[in-house]
Every structure is written in structure tokens, then in C-alpha cells.
Amino acid sequence: MQLEDYTDEGGMPRLGYKSTYKNHVTVTQKNLLDNTYWMLVRKKERNIDVPAEVTAERTAINTEANRLIAAIEAATTTEDVDEAFKSASWPSQD
């Protein structure tokens, strides 16, 4: 698989190795954030505060996703992408 996105011989755009792994990071981020999304809706609709620990956890999830995407983007080989992806340290879900 090519490292960067490309267009195949038939003119179809294809995701490269980096984009594939960045998508995995984004899906994981979304799945982790979905667990507390209802609290944001509750805050918006009924002005019930989101607990500080939930806000901190959401911030940590977003920070880790941003770190991983930046590391994957900076990678110059598929091995570098693998190492970046394996370095994930998502906050634990209590």
C-alpha cells in the first residue's frame, strides 16, 4: 500500500496508508466521545453542568487523537505509521 493517497490506474482516488490509519484514530475518538455526548446535549438543553472529570476525559481523548494524527502525518515510512498508531494511549473509560 502506498503511504500517501493516490489515484489508481482507473482514475479512482484511493486512501494511502496514512489516511487509513488516521481514519482509525478518528473512529476511535468518535466512539470514545460518544459515551459522554449526551451530557453535552443535557448541558445545552437544560443547563446541567458536565462533570469536570468528564470534561477532562473528553479533552484527553481529543488531545490523544490530535497527537496520533500529527505523528501519523509526520511519518515517512509505513513502519513509522505503525509505530505512531501503536503508541496510542487513550484515556481509560471508567
# chains A, B, ... in the order shown; residues from 1 in each chain; ligands from 1
>>> residues_around(residues="A:Val25", least_positions_apart="4", cutoff="10 Å", atoms="only C-alpha atoms", output="compact mmCIF listing (two decimals) with N, CA, C and O atoms, in the first residue's frame")
# COMPACT_ATOMS: atom_id res chain seq x y z
N SER A 19 -3.72 7.82 5.57
CA SER A 19 -5.14 8.16 5.69
C SER A 19 -5.94 7.03 6.32
O SER A 19 -6.86 7.27 7.10
N THR A 20 -5.60 5.81 5.98
CA THR A 20 -6.29 4.66 6.55
C THR A 20 -6.14 4.65 8.07
O THR A 20 -7.13 4.48 8.80
N TYR A 21 -4.94 4.88 8.55
CA TYR A 21 -4.72 4.86 10.00
C TYR A 21 -5.26 6.12 10.67
O TYR A 21 -5.75 6.07 11.81
N GLN A 29 -11.69 7.89 18.32
CA GLN A 29 -12.00 9.13 19.02
C GLN A 29 -13.52 9.32 19.11
O GLN A 29 -14.06 9.60 20.19
N LYS A 30 -14.21 9.17 18.00
CA LYS A 30 -15.66 9.35 17.98
C LYS A 30 -16.34 8.35 18.92
O LYS A 30 -17.23 8.73 19.68
N ASN A 31 -15.92 7.10 18.88
CA ASN A 31 -16.53 6.09 19.74
C ASN A 31 -16.34 6.41 21.21
O ASN A 31 -17.25 6.23 22.02
N GLU A 64 -5.21 13.22 22.60
CA GLU A 64 -4.54 12.00 22.12
C GLU A 64 -4.80 11.78 20.63
O GLU A 64 -3.89 11.42 19.88
N ALA A 65 -6.02 12.01 20.20
CA ALA A 65 -6.33 11.86 18.76
C ALA A 65 -5.49 12.83 17.94
O ALA A 65 -4.92 12.44 16.91
N ASN A 66 -5.41 14.07 18.38
CA ASN A 66 -4.60 15.06 17.66
C ASN A 66 -3.13 14.67 17.63
O ASN A 66 -2.46 14.83 16.59
N LEU A 68 -1.86 11.61 17.82
CA LEU A 68 -1.70 10.45 16.93
C LEU A 68 -1.77 10.86 15.46
O LEU A 68 -0.96 10.43 14.65
N ILE A 69 -2.72 11.70 15.12
CA ILE A 69 -2.85 12.14 13.73
C ILE A 69 -1.62 12.91 13.29
O ILE A 69 -1.11 12.71 12.19
N ILE A 72 1.19 10.38 12.76
CA ILE A 72 0.98 9.63 11.53
C ILE A 72 1.30 10.51 10.32
O ILE A 72 1.96 10.08 9.38
N PHE A 85 0.79 4.62 15.41
CA PHE A 85 -0.53 4.06 15.74
C PHE A 85 -0.46 3.20 17.00
O PHE A 85 -1.34 3.27 17.86
N ALA A 88 -0.65 4.66 20.75
CA ALA A 88 -1.89 5.22 21.29
C ALA A 88 -2.00 4.96 22.78
O ALA A 88 -1.72 3.87 23.27
>>> select_by_dssp(residues="chain A", states="alpha helix (DSSP H)", output="PyMOL selection string")
chain A and resi 17-34+37-46+52-74+78-86
>>> closest_residue(among="A:Thr26, A:Ser92, A:Thr7, A:Arg14", to="A:Glu53", atoms="only C-alpha atoms")
A:Ser92
